[in-house]
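Engineer: What follows is the file run.txt, containing compact mmCIF, C-alpha atoms (C1' of nucleotides):
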# COMPACT_ATOMS: atom_id res chain seq x y z
CA MET Q 1 -0.94 12.80 -7.10
CA ILE Q 2 -1.53 15.71 -4.80
CA HIS Q 3 1.65 15.78 -2.79
CA GLN Q 4 5.24 15.36 -3.79
CA ARG Q 5 6.93 12.34 -2.32
CA GLU Q 6 9.79 13.38 -0.14
CA CYS Q 7 10.79 9.87 0.95
CA PRO Q 8 12.50 7.93 -1.85
CA ILE Q 9 11.58 4.60 -0.31
CA GLU Q 10 7.94 5.56 -0.57
CA THR Q 11 8.61 6.43 -4.16
CA VAL Q 12 9.73 2.90 -4.89
CA ILE Q 13 6.79 1.52 -2.98
CA HIS Q 14 4.52 3.77 -4.99
CA VAL Q 15 5.97 2.59 -8.30
CA LEU Q 16 6.03 -1.08 -7.37
CA GLY Q 17 3.28 -1.14 -4.83
CA GLY Q 18 0.12 -2.02 -6.68
CA LYS Q 19 -1.22 -5.45 -5.99
CA TRP Q 20 -0.25 -6.81 -9.39
CA LYS Q 21 2.62 -4.56 -10.39
CA PRO Q 22 5.49 -6.84 -9.42
CA THR Q 23 3.86 -9.67 -11.32
CA ILE Q 24 3.32 -7.51 -14.38
CA LEU Q 25 6.90 -6.32 -14.26
CA TRP Q 26 8.14 -9.86 -13.91
CA HIS Q 27 6.37 -10.91 -17.08
CA LEU Q 28 7.62 -7.87 -18.95
CA VAL Q 29 11.20 -8.56 -17.91
CA GLU Q 30 10.92 -11.87 -19.68
CA SER Q 31 9.39 -10.53 -22.84
CA THR Q 32 7.24 -7.92 -24.51
CA ARG Q 33 3.60 -8.81 -23.97
CA ARG Q 34 0.23 -7.92 -25.35
CA TYR Q 35 -2.69 -6.99 -23.17
CA ASN Q 36 -4.28 -10.33 -23.80
CA ASP Q 37 -1.11 -12.19 -22.91
CA LEU Q 38 -0.93 -10.49 -19.56
CA GLU Q 39 -4.54 -11.31 -18.83
CA LYS Q 40 -3.80 -14.96 -19.46
CA LEU Q 41 -0.54 -14.96 -17.55
CA ILE Q 42 -2.17 -13.34 -14.53
CA PRO Q 43 -5.56 -15.02 -14.35
CA ASP Q 44 -6.72 -13.33 -11.16
CA VAL Q 45 -6.21 -9.75 -12.21
CA SER Q 46 -9.29 -7.84 -13.30
CA GLN Q 47 -9.26 -5.88 -16.53
CA LYS Q 48 -9.66 -2.70 -14.59
CA MET Q 49 -6.63 -3.27 -12.40
CA LEU Q 50 -4.50 -4.56 -15.25
CA THR Q 51 -5.22 -1.47 -17.31
CA GLN Q 52 -4.78 0.85 -14.37
CA HIS Q 53 -1.47 -0.66 -13.30
CA LEU Q 54 -0.16 -0.60 -16.84
CA ARG Q 55 -1.12 3.07 -17.08
CA ASP Q 56 0.60 3.79 -13.79
CA LEU Q 57 3.76 2.01 -14.86
CA GLU Q 58 3.68 3.79 -18.19
CA GLN Q 59 3.36 7.14 -16.50
CA GLU Q 60 6.34 6.39 -14.30
CA GLY Q 61 8.33 5.71 -17.45
CA VAL Q 62 8.92 2.10 -16.54
CA VAL Q 63 6.74 0.54 -19.21
CA LEU Q 64 6.39 1.37 -22.89
CA ARG Q 65 3.03 1.10 -24.58
CA THR Q 66 3.07 0.63 -28.33
CA VAL Q 67 -0.14 0.73 -30.31
CA TYR Q 68 -0.35 -0.74 -33.78
CA PRO Q 69 -3.24 0.82 -35.66
CA THR Q 70 -4.46 -2.46 -37.06
CA VAL Q 71 -7.84 -4.06 -36.91
CA PRO Q 72 -8.40 -5.46 -34.42
CA PRO Q 73 -6.06 -3.20 -32.49
CA LYS Q 74 -2.77 -4.53 -31.21
CA VAL Q 75 -1.07 -3.10 -28.17
CA GLU Q 76 2.30 -4.17 -26.89
CA TYR Q 77 3.75 -3.52 -23.47
CA SER Q 78 7.45 -3.72 -22.76
CA LEU Q 79 9.98 -2.60 -20.19
CA SER Q 80 11.62 0.66 -21.13
CA GLU Q 81 15.36 1.05 -20.80
CA TYR Q 82 14.64 3.12 -17.77
CA GLY Q 83 12.41 0.37 -16.47
CA ARG Q 84 15.37 -1.99 -16.63
CA THR Q 85 17.16 0.13 -14.03
CA LEU Q 86 14.45 -1.00 -11.67
CA VAL Q 87 15.27 -4.67 -12.15
CA PRO Q 88 18.32 -4.76 -9.87
CA VAL Q 89 16.32 -2.98 -7.20
CA ALA Q 90 13.57 -5.54 -7.55
CA GLU Q 91 16.13 -8.32 -7.31
CA VAL Q 92 17.55 -7.02 -4.08
CA MET Q 93 14.06 -6.72 -2.69
CA CYS Q 94 13.25 -10.20 -3.92
CA ALA Q 95 16.26 -11.72 -2.23
CA TRP Q 96 15.44 -10.20 1.12
CA GLY Q 97 11.77 -11.01 0.74
CA GLU Q 98 12.45 -14.65 0.02
CA GLN Q 99 14.73 -15.00 2.98
CA HIS Q 100 12.18 -13.25 5.13
CA ASN Q 101 9.39 -15.55 4.00
CA GLU Q 102 11.47 -18.58 4.87
CA ARG Q 103 12.30 -17.18 8.25
CA LYS Q 104 8.65 -16.51 8.94
CA GLN Q 105 7.72 -20.05 8.02
CA LYS Q 106 10.22 -21.49 10.45
CA GLU Q 107 9.08 -19.45 13.41
CA PRO Q 108 5.36 -18.97 13.13
CA ALA Q 109 5.23 -17.90 16.79
CA SER Q 110 7.20 -14.92 18.18
CA MET X 1 -2.67 -11.83 7.78
CA ILE X 2 -5.00 -14.24 6.09
CA HIS X 3 -2.98 -15.34 3.09
CA GLN X 4 0.63 -16.26 2.74
CA ARG X 5 2.65 -13.95 0.57
CA GLU X 6 4.01 -15.73 -2.41
CA CYS X 7 5.70 -12.73 -4.05
CA PRO X 8 8.85 -11.70 -2.18
CA ILE X 9 8.64 -8.17 -3.52
CA GLU X 10 5.24 -7.84 -1.94
CA THR X 11 6.81 -9.12 1.25
CA VAL X 12 9.24 -6.22 1.29
CA ILE X 13 6.47 -3.81 0.47
CA HIS X 14 4.45 -5.27 3.29
CA VAL X 15 7.28 -4.88 5.78
CA LEU X 16 8.27 -1.40 4.66
CA GLY X 17 4.98 -0.21 3.28
CA GLY X 18 3.20 1.59 6.06
CA LYS X 19 2.98 5.31 5.69
CA TRP X 20 5.50 6.00 8.46
CA LYS X 21 7.57 2.84 8.49
CA PRO X 22 10.52 4.06 6.44
CA THR X 23 10.73 7.13 8.64
CA ILE X 24 10.59 5.08 11.81
CA LEU X 25 13.28 2.74 10.50
CA TRP X 26 15.43 5.66 9.54
CA HIS X 27 15.37 7.03 13.06
CA LEU X 28 16.08 3.62 14.55
CA VAL X 29 19.06 3.12 12.28
CA GLU X 30 20.57 6.19 13.85
CA SER X 31 19.88 5.23 17.42
CA THR X 32 17.67 3.41 19.89
CA ARG X 33 14.62 5.54 20.62
CA ARG X 34 11.85 5.72 23.14
CA TYR X 35 8.23 5.99 22.15
CA ASN X 36 8.20 9.62 23.12
CA ASP X 37 11.31 10.35 21.09
CA LEU X 38 9.72 8.94 17.98
CA GLU X 39 6.60 10.99 18.53
CA LYS X 40 8.72 14.11 18.66
CA LEU X 41 10.90 13.12 15.73
CA ILE X 42 7.86 12.40 13.56
CA PRO X 43 5.44 15.14 14.49
CA ASP X 44 2.73 14.19 12.00
CA VAL X 45 2.30 10.58 13.01
CA SER X 46 -0.65 9.75 15.22
CA GLN X 47 -0.17 7.67 18.34
CA LYS X 48 -2.29 4.97 16.86
CA MET X 49 -0.21 4.62 13.71
CA LEU X 50 3.07 4.90 15.55
CA THR X 51 2.10 2.10 17.89
CA GLN X 52 0.66 0.00 15.11
CA HIS X 53 3.69 0.36 12.88
CA LEU X 54 6.05 -0.40 15.72
CA ARG X 55 4.05 -3.54 16.50
CA ASP X 56 4.16 -4.56 12.86
CA LEU X 57 7.90 -4.06 12.66
CA GLU X 58 8.37 -5.92 15.89
CA GLN X 59 6.35 -8.84 14.61
CA GLU X 60 8.45 -9.00 11.48
CA GLY X 61 11.52 -9.25 13.66
CA VAL X 62 12.94 -5.99 12.41
CA VAL X 63 12.51 -3.98 15.57
CA LEU X 64 13.19 -4.90 19.18
CA ARG X 65 10.96 -3.64 21.94
CA THR X 66 12.46 -3.47 25.41
CA VAL X 67 10.29 -2.62 28.39
CA TYR X 68 11.81 -1.42 31.63
CA PRO X 69 9.37 -1.99 34.47
CA THR X 70 9.92 1.40 36.02
CA VAL X 71 7.42 4.03 36.95
CA PRO X 72 6.57 5.72 34.76
CA PRO X 73 7.20 2.95 32.26
CA LYS X 74 10.09 3.16 29.85
CA VAL X 75 10.05 1.44 26.49
CA GLU X 76 12.91 1.41 24.05
CA TYR X 77 12.78 0.54 20.39
CA SER X 78 15.82 -0.47 18.41
CA LEU X 79 16.75 -2.20 15.18
CA SER X 80 17.40 -5.89 15.65
CA GLU X 81 20.41 -7.49 14.03
CA TYR X 82 18.03 -8.97 11.57
CA GLY X 83 16.55 -5.54 10.99
CA ARG X 84 19.98 -4.35 9.96
CA THR X 85 19.90 -6.74 7.02
CA LEU X 86 17.08 -4.62 5.72
CA VAL X 87 19.20 -1.49 5.64
CA PRO X 88 21.10 -2.27 2.42
CA VAL X 89 17.79 -3.11 0.76
CA ALA X 90 16.39 0.21 1.88
CA GLU X 91 19.48 1.96 0.58
CA VAL X 92 19.14 0.46 -2.87
CA MET X 93 15.51 1.46 -2.92
CA CYS X 94 16.41 4.91 -1.71
CA ALA X 95 18.95 5.43 -4.44
CA TRP X 96 16.53 4.49 -7.18
CA GLY X 97 13.75 6.49 -5.58
CA GLU X 98 15.85 9.63 -5.40
CA GLN X 99 16.88 9.34 -8.99
CA HIS X 100 13.30 8.73 -9.98
CA ASN X 101 12.07 11.77 -8.09
CA GLU X 102 14.61 13.96 -9.85
CA ARG X 103 13.63 12.55 -13.19
CA LYS X 104 9.98 13.22 -12.50
CA GLN X 105 10.73 16.81 -11.54
CA LYS X 106 12.54 17.49 -14.78
CA GLU X 107 9.80 16.14 -17.00
CA PRO X 108 6.48 16.94 -15.40
CA ALA X 109 4.80 16.10 -18.67
CA SER X 110 5.47 12.63 -19.96
C1' DT T 1 -27.48 -9.73 -39.93
C1' DC T 2 -25.05 -11.29 -36.14
C1' DA T 3 -21.38 -12.60 -33.42
C1' DC T 4 -16.59 -12.17 -32.43
C1' DA T 5 -11.84 -10.29 -31.42
C1' DC T 6 -9.20 -6.82 -29.02
C1' DC T 7 -8.42 -3.30 -25.67
C1' DC T 8 -10.19 -1.09 -23.01
C1' DT T 9 -13.86 2.59 -19.99
C1' DT T 10 -17.25 3.66 -16.55
C1' DA T 11 -20.13 3.23 -12.52
C1' DC T 12 -20.78 1.08 -8.34
C1' DT T 13 -19.47 -1.75 -4.20
C1' DT T 14 -16.33 -3.78 -0.91
C1' DT T 15 -12.08 -3.94 1.59
C1' DT T 16 -8.09 -1.97 3.70
C1' DA T 17 -5.32 1.81 5.51
C1' DA T 18 -5.08 5.86 7.92
C1' DG T 19 -6.84 9.71 10.83
C1' DT T 20 -9.38 11.60 15.04
C1' DA T 21 -10.80 11.60 19.58
C1' DT T 22 -11.11 9.77 23.94
C1' DG T 23 -9.92 6.50 27.79
C1' DT T 24 -6.62 3.62 30.90
C1' DG T 25 -3.27 2.41 34.86
C1' DG T 26 -0.37 3.38 38.53
C1' DC T 27 2.60 6.24 40.88
C1' DG T 28 4.73 10.86 42.14
C1' DT T 29 3.82 15.58 43.02
C1' DA T 30 1.13 19.89 44.68
C1' DT S 1 -7.89 15.44 46.14
C1' DA S 2 -6.59 16.29 41.75
C1' DC S 3 -3.27 16.33 38.06
C1' DG S 4 0.27 14.96 35.08
C1' DC S 5 3.52 11.46 33.09
C1' DC S 6 4.33 7.53 29.86
C1' DA S 7 2.98 4.26 26.68
C1' DC S 8 -0.36 2.86 25.03
C1' DA S 9 -5.84 0.79 23.70
C1' DT S 10 -10.32 1.37 21.72
C1' DA S 11 -14.13 3.08 18.93
C1' DC S 12 -15.47 5.68 15.22
C1' DT S 13 -14.85 8.19 10.81
C1' DT S 14 -12.69 9.19 6.34
C1' DA S 15 -9.99 8.18 2.34
C1' DA S 16 -7.69 5.21 -0.81
C1' DA S 17 -7.15 0.77 -3.17
C1' DA S 18 -9.16 -3.05 -5.18
C1' DG S 19 -13.02 -5.90 -6.93
C1' DT S 20 -17.39 -6.58 -9.81
C1' DA S 21 -20.21 -6.00 -13.62
C1' DA S 22 -21.52 -4.06 -17.68
C1' DG S 23 -20.74 -1.43 -22.06
C1' DG S 24 -18.23 0.44 -26.38
C1' DG S 25 -15.96 0.90 -31.08
C1' DT S 26 -14.62 -1.09 -35.32
C1' DG S 27 -13.94 -4.14 -38.97
C1' DT S 28 -13.89 -9.20 -40.43
C1' DG S 29 -15.92 -13.86 -41.09
C1' DA S 30 -20.28 -16.89 -41.14
Go through the file and emit its structure as structure tokens.
Structural biologist:
Amino acid sequence: MIHQRECPIETVIHVLGGKWKPTILWHLVESTRRYNDLEKLIPDVSQKMLTQHLRDLEQEGVVLRTVYPTVPPKVEYSLSEYGRTLVPVAEVMCAWGEQHNERKQKEPAS
Amino acid sequence: MIHQRECPIETVIHVLGGKWKPTILWHLVESTRRYNDLEKLIPDVSQKMLTQHLRDLEQEGVVLRTVYPTVPPKVEYSLSEYGRTLVPVAEVMCAWGEQHNERKQKEPAS
DNA sequence: TCACACCCTTACTTTTAAGTATGTGGCGTA
DNA sequence: TACGCCACATACTTAAAAGTAAGGGTGTGA
């Protein structure tokens, strides 16, 4: 938080670059989710990291957090409209990443 | 190195996600460079990180390393053809990142 | 009265990335 | 003889990210 990011690629990496952030985003592209849902969909994430990543994504404007003041509390997470502008970027990255993974599998040496 | 990457977005982040990698790539898109050139072009990078990032990029197949057995030694780094397939991905990321940086400047409070 | 559901928070530890400082090899030059 | 050039390698330290474990607040049902 202490320095401004001059490199826009680093910006994207910062927004998308938590260990579970792509997975979270992926689930939110499909549908709005509650905290509990995400925990179940991503069994290996710890509560701490899930909360922290959701907060990060919220602060970047990518994710919307809606609290219903019911008992017990209900909190919904969804992609913001702005967050949807990130989807094509993620798709381009995905496509290259997939191809790269395949390539790496074929030539494990080199 | 110990686990295979299942998420292709993480793959891209892994390839591009060192502190100086986007900068290195950027300079190699423009031209082939020698180790010394890169040191001068990126004054803040340490030798250790420059070497390490170049090795990483080489191992991913993105960068070519050519050694001329002269004295003193001469080593050239360049983007491979495969590395050039990464450029459009980087450009898409760049575009979103720039826009995102502007947006963040305008609304420092959420 | 007690546990449970939901959505977290906090403190502490481990792992990973990056930074700092110093050393290496072989040849040309002074 | 010593010194510098180029492209590193290695060891050690610091900082950042992630993991682990435990607690909290509130109202409802048993």
Engineer: Provide as a list in words the residues of chain Q at most 6 Å from chain X, counting all atoms listed in the file.
Structural biologist: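 Filtering chain Q at 6 Å from chain X with all atoms listed in the file gives Pro8, Ile9, Thr11, Val12, Met93, Cys94, Gly97 and Glu98 of chain Q.
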Engineer: Distance limit 9 Å, atoms considered: all atoms listed in the file. Which chain X residues sit that close to chain T? Return them as a list in words.
Structural biologist: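 Residues of chain X within 9 Å of chain T, counting all atoms listed in the file: Gly18, Lys19, Ser46, Lys48, Met49, Val71 and Pro72 of chain X.
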Engineer: Would you write out those residues with C-alpha atoms, as a compact mmCIF listing (two decimals), in the frame of the given file?
Structural biologist:
# COMPACT_ATOMS: atom_id res chain seq x y z
CA GLY X 18 3.20 1.59 6.06
CA LYS X 19 2.98 5.31 5.69
CA SER X 46 -0.65 9.75 15.22
CA LYS X 48 -2.29 4.97 16.86
CA MET X 49 -0.21 4.62 13.71
CA VAL X 71 7.42 4.03 36.95
CA PRO X 72 6.57 5.72 34.76
Engineer: Find the spatial neighbours of Ile24 (chain Q), counting all atoms listed in the file, within a cut-off of 9 Å - ignore same-chain residues fewer than 2 positions away - and output them as JSON, numbers by chain.
Structural biologist: {"Q": [20, 21, 22, 26, 27, 28, 29, 38, 41, 42, 50, 53, 54]}
Engineer: Suppose you want the space between C1' of DT13 (chain S) and CA of Asn36 (chain X); what is it in Å?
Structural biologist: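 We find that C1' of DT13 (chain S) and CA of Asn36 (chain X) lie 26.2 Å from each other.
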Engineer: What are the residues of chain S lining chain X at 12 Å or less? Count only C-alpha atoms (C1' of nucleotides), and put the answer as a VMD selection string.
Structural biologist: chain S and resid 4 to 10
Engineer: To one decimal place in Å, what is the distance between CA of Val63 (chain X) and CA of Lys40 (chain X)?
Structural biologist: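 Going from CA of Val63 (chain X) over to CA of Lys40 (chain X), I get 18.7 Å.
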Engineer: Quick one, how far is CA of Pro43 (chain X) from CA of Thr70 (chain X)?
Structural biologist: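 Distance reported for this atom pair: 25.9 Å.
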Engineer: How would region 94-105 of chain X read, as a PDB file, in the frame of the given file, once all heavy atoms are built in?
Structural biologist:
ATOM      1  N   CYS X  94      16.218   3.474  -1.863  1.00  0.00           N
ATOM      2  CA  CYS X  94      16.410   4.910  -1.710  1.00  0.00           C
ATOM      3  C   CYS X  94      17.096   5.526  -2.916  1.00  0.00           C
ATOM      4  O   CYS X  94      16.668   6.549  -3.434  1.00  0.00           O
ATOM      5  CB  CYS X  94      17.244   5.163  -0.470  1.00  0.00           C
ATOM      6  SG  CYS X  94      16.446   6.208   0.724  1.00  0.00           S
ATOM      7  N   ALA X  95      18.164   4.884  -3.333  1.00  0.00           N
ATOM      8  CA  ALA X  95      18.950   5.430  -4.440  1.00  0.00           C
ATOM      9  C   ALA X  95      18.092   5.531  -5.701  1.00  0.00           C
ATOM     10  O   ALA X  95      18.058   6.561  -6.380  1.00  0.00           O
ATOM     11  CB  ALA X  95      20.175   4.552  -4.681  1.00  0.00           C
ATOM     12  N   TRP X  96      17.378   4.462  -5.980  1.00  0.00           N
ATOM     13  CA  TRP X  96      16.530   4.490  -7.180  1.00  0.00           C
ATOM     14  C   TRP X  96      15.414   5.532  -7.019  1.00  0.00           C
ATOM     15  O   TRP X  96      15.107   6.278  -7.931  1.00  0.00           O
ATOM     16  CB  TRP X  96      15.946   3.106  -7.455  1.00  0.00           C
ATOM     17  CG  TRP X  96      15.351   3.002  -8.833  1.00  0.00           C
ATOM     18  CD1 TRP X  96      15.994   2.625  -9.967  1.00  0.00           C
ATOM     19  CD2 TRP X  96      14.001   3.297  -9.225  1.00  0.00           C
ATOM     20  NE1 TRP X  96      15.129   2.653 -11.035  1.00  0.00           N
ATOM     21  CE2 TRP X  96      13.902   3.071 -10.604  1.00  0.00           C
ATOM     22  CE3 TRP X  96      12.876   3.745  -8.529  1.00  0.00           C
ATOM     23  CZ2 TRP X  96      12.718   3.265 -11.319  1.00  0.00           C
ATOM     24  CZ3 TRP X  96      11.697   3.947  -9.233  1.00  0.00           C
ATOM     25  CH2 TRP X  96      11.622   3.707 -10.610  1.00  0.00           C
ATOM     26  N   GLY X  97      14.842   5.564  -5.843  1.00  0.00           N
ATOM     27  CA  GLY X  97      13.750   6.490  -5.580  1.00  0.00           C
ATOM     28  C   GLY X  97      14.168   7.944  -5.749  1.00  0.00           C
ATOM     29  O   GLY X  97      13.440   8.753  -6.325  1.00  0.00           O
ATOM     30  N   GLU X  98      15.364   8.252  -5.265  1.00  0.00           N
ATOM     31  CA  GLU X  98      15.850   9.630  -5.400  1.00  0.00           C
ATOM     32  C   GLU X  98      16.022  10.008  -6.856  1.00  0.00           C
ATOM     33  O   GLU X  98      15.597  11.068  -7.303  1.00  0.00           O
ATOM     34  CB  GLU X  98      17.208   9.765  -4.696  1.00  0.00           C
ATOM     35  CG  GLU X  98      17.082  10.145  -3.232  1.00  0.00           C
ATOM     36  CD  GLU X  98      18.425  10.098  -2.533  1.00  0.00           C
ATOM     37  OE1 GLU X  98      19.476  10.133  -3.219  1.00  0.00           O
ATOM     38  OE2 GLU X  98      18.424  10.007  -1.287  1.00  0.00           O
ATOM     39  N   GLN X  99      16.659   9.123  -7.561  1.00  0.00           N
ATOM     40  CA  GLN X  99      16.880   9.340  -8.990  1.00  0.00           C
ATOM     41  C   GLN X  99      15.553   9.507  -9.721  1.00  0.00           C
ATOM     42  O   GLN X  99      15.377  10.388 -10.560  1.00  0.00           O
ATOM     43  CB  GLN X  99      17.648   8.149  -9.523  1.00  0.00           C
ATOM     44  CG  GLN X  99      17.934   8.164 -11.000  1.00  0.00           C
ATOM     45  CD  GLN X  99      18.155   6.734 -11.490  1.00  0.00           C
ATOM     46  OE1 GLN X  99      19.011   6.016 -10.966  1.00  0.00           O
ATOM     47  NE2 GLN X  99      17.379   6.315 -12.473  1.00  0.00           N
ATOM     48  N   HIS X 100      14.611   8.685  -9.340  1.00  0.00           N
ATOM     49  CA  HIS X 100      13.300   8.730  -9.980  1.00  0.00           C
ATOM     50  C   HIS X 100      12.580  10.035  -9.666  1.00  0.00           C
ATOM     51  O   HIS X 100      11.949  10.623 -10.544  1.00  0.00           O
ATOM     52  CB  HIS X 100      12.469   7.536  -9.502  1.00  0.00           C
ATOM     53  CG  HIS X 100      11.198   7.371 -10.245  1.00  0.00           C
ATOM     54  ND1 HIS X 100      11.146   7.004 -11.570  1.00  0.00           N
ATOM     55  CD2 HIS X 100       9.905   7.534  -9.861  1.00  0.00           C
ATOM     56  CE1 HIS X 100       9.881   6.940 -11.958  1.00  0.00           C
ATOM     57  NE2 HIS X 100       9.113   7.259 -10.952  1.00  0.00           N
ATOM     58  N   ASN X 101      12.701  10.497  -8.444  1.00  0.00           N
ATOM     59  CA  ASN X 101      12.070  11.770  -8.090  1.00  0.00           C
ATOM     60  C   ASN X 101      12.653  12.924  -8.896  1.00  0.00           C
ATOM     61  O   ASN X 101      11.921  13.792  -9.368  1.00  0.00           O
ATOM     62  CB  ASN X 101      12.232  12.034  -6.588  1.00  0.00           C
ATOM     63  CG  ASN X 101      11.298  11.184  -5.749  1.00  0.00           C
ATOM     64  OD1 ASN X 101      10.332  10.616  -6.253  1.00  0.00           O
ATOM     65  ND2 ASN X 101      11.580  11.079  -4.461  1.00  0.00           N
ATOM     66  N   GLU X 102      13.978  12.903  -9.046  1.00  0.00           N
ATOM     67  CA  GLU X 102      14.610  13.960  -9.850  1.00  0.00           C
ATOM     68  C   GLU X 102      14.106  13.930 -11.280  1.00  0.00           C
ATOM     69  O   GLU X 102      13.748  14.945 -11.862  1.00  0.00           O
ATOM     70  CB  GLU X 102      16.133  13.768  -9.863  1.00  0.00           C
ATOM     71  CG  GLU X 102      16.804  14.299  -8.616  1.00  0.00           C
ATOM     72  CD  GLU X 102      18.279  13.928  -8.599  1.00  0.00           C
ATOM     73  OE1 GLU X 102      18.905  13.838  -9.677  1.00  0.00           O
ATOM     74  OE2 GLU X 102      18.806  13.704  -7.488  1.00  0.00           O
ATOM     75  N   ARG X 103      14.088  12.738 -11.817  1.00  0.00           N
ATOM     76  CA  ARG X 103      13.630  12.550 -13.190  1.00  0.00           C
ATOM     77  C   ARG X 103      12.218  13.080 -13.385  1.00  0.00           C
ATOM     78  O   ARG X 103      11.929  13.759 -14.368  1.00  0.00           O
ATOM     79  CB  ARG X 103      13.684  11.062 -13.497  1.00  0.00           C
ATOM     80  CG  ARG X 103      13.302  10.660 -14.887  1.00  0.00           C
ATOM     81  CD  ARG X 103      13.263   9.131 -14.956  1.00  0.00           C
ATOM     82  NE  ARG X 103      12.422   8.668 -16.037  1.00  0.00           N
ATOM     83  CZ  ARG X 103      12.877   8.220 -17.208  1.00  0.00           C
ATOM     84  NH1 ARG X 103      14.159   8.185 -17.440  1.00  0.00           N
ATOM     85  NH2 ARG X 103      12.039   7.836 -18.152  1.00  0.00           N
ATOM     86  N   LYS X 104      11.381  12.782 -12.411  1.00  0.00           N
ATOM     87  CA  LYS X 104       9.980  13.220 -12.500  1.00  0.00           C
ATOM     88  C   LYS X 104       9.866  14.742 -12.421  1.00  0.00           C
ATOM     89  O   LYS X 104       9.000  15.343 -13.033  1.00  0.00           O
ATOM     90  CB  LYS X 104       9.156  12.594 -11.377  1.00  0.00           C
ATOM     91  CG  LYS X 104       8.841  11.131 -11.587  1.00  0.00           C
ATOM     92  CD  LYS X 104       7.525  10.940 -12.317  1.00  0.00           C
ATOM     93  CE  LYS X 104       7.686  10.105 -13.552  1.00  0.00           C
ATOM     94  NZ  LYS X 104       6.421   9.825 -14.249  1.00  0.00           N
ATOM     95  N   GLN X 105      10.765  15.346 -11.651  1.00  0.00           N
ATOM     96  CA  GLN X 105      10.730  16.810 -11.540  1.00  0.00           C
ATOM     97  C   GLN X 105      11.077  17.462 -12.865  1.00  0.00           C
ATOM     98  O   GLN X 105      10.491  18.467 -13.249  1.00  0.00           O
ATOM     99  CB  GLN X 105      11.692  17.289 -10.467  1.00  0.00           C
ATOM    100  CG  GLN X 105      11.071  17.314  -9.074  1.00  0.00           C
ATOM    101  CD  GLN X 105      11.950  18.039  -8.090  1.00  0.00           C
ATOM    102  OE1 GLN X 105      13.173  18.058  -8.245  1.00  0.00           O
ATOM    103  NE2 GLN X 105      11.347  18.635  -7.088  1.00  0.00           N
TER     104      GLN X 105
END
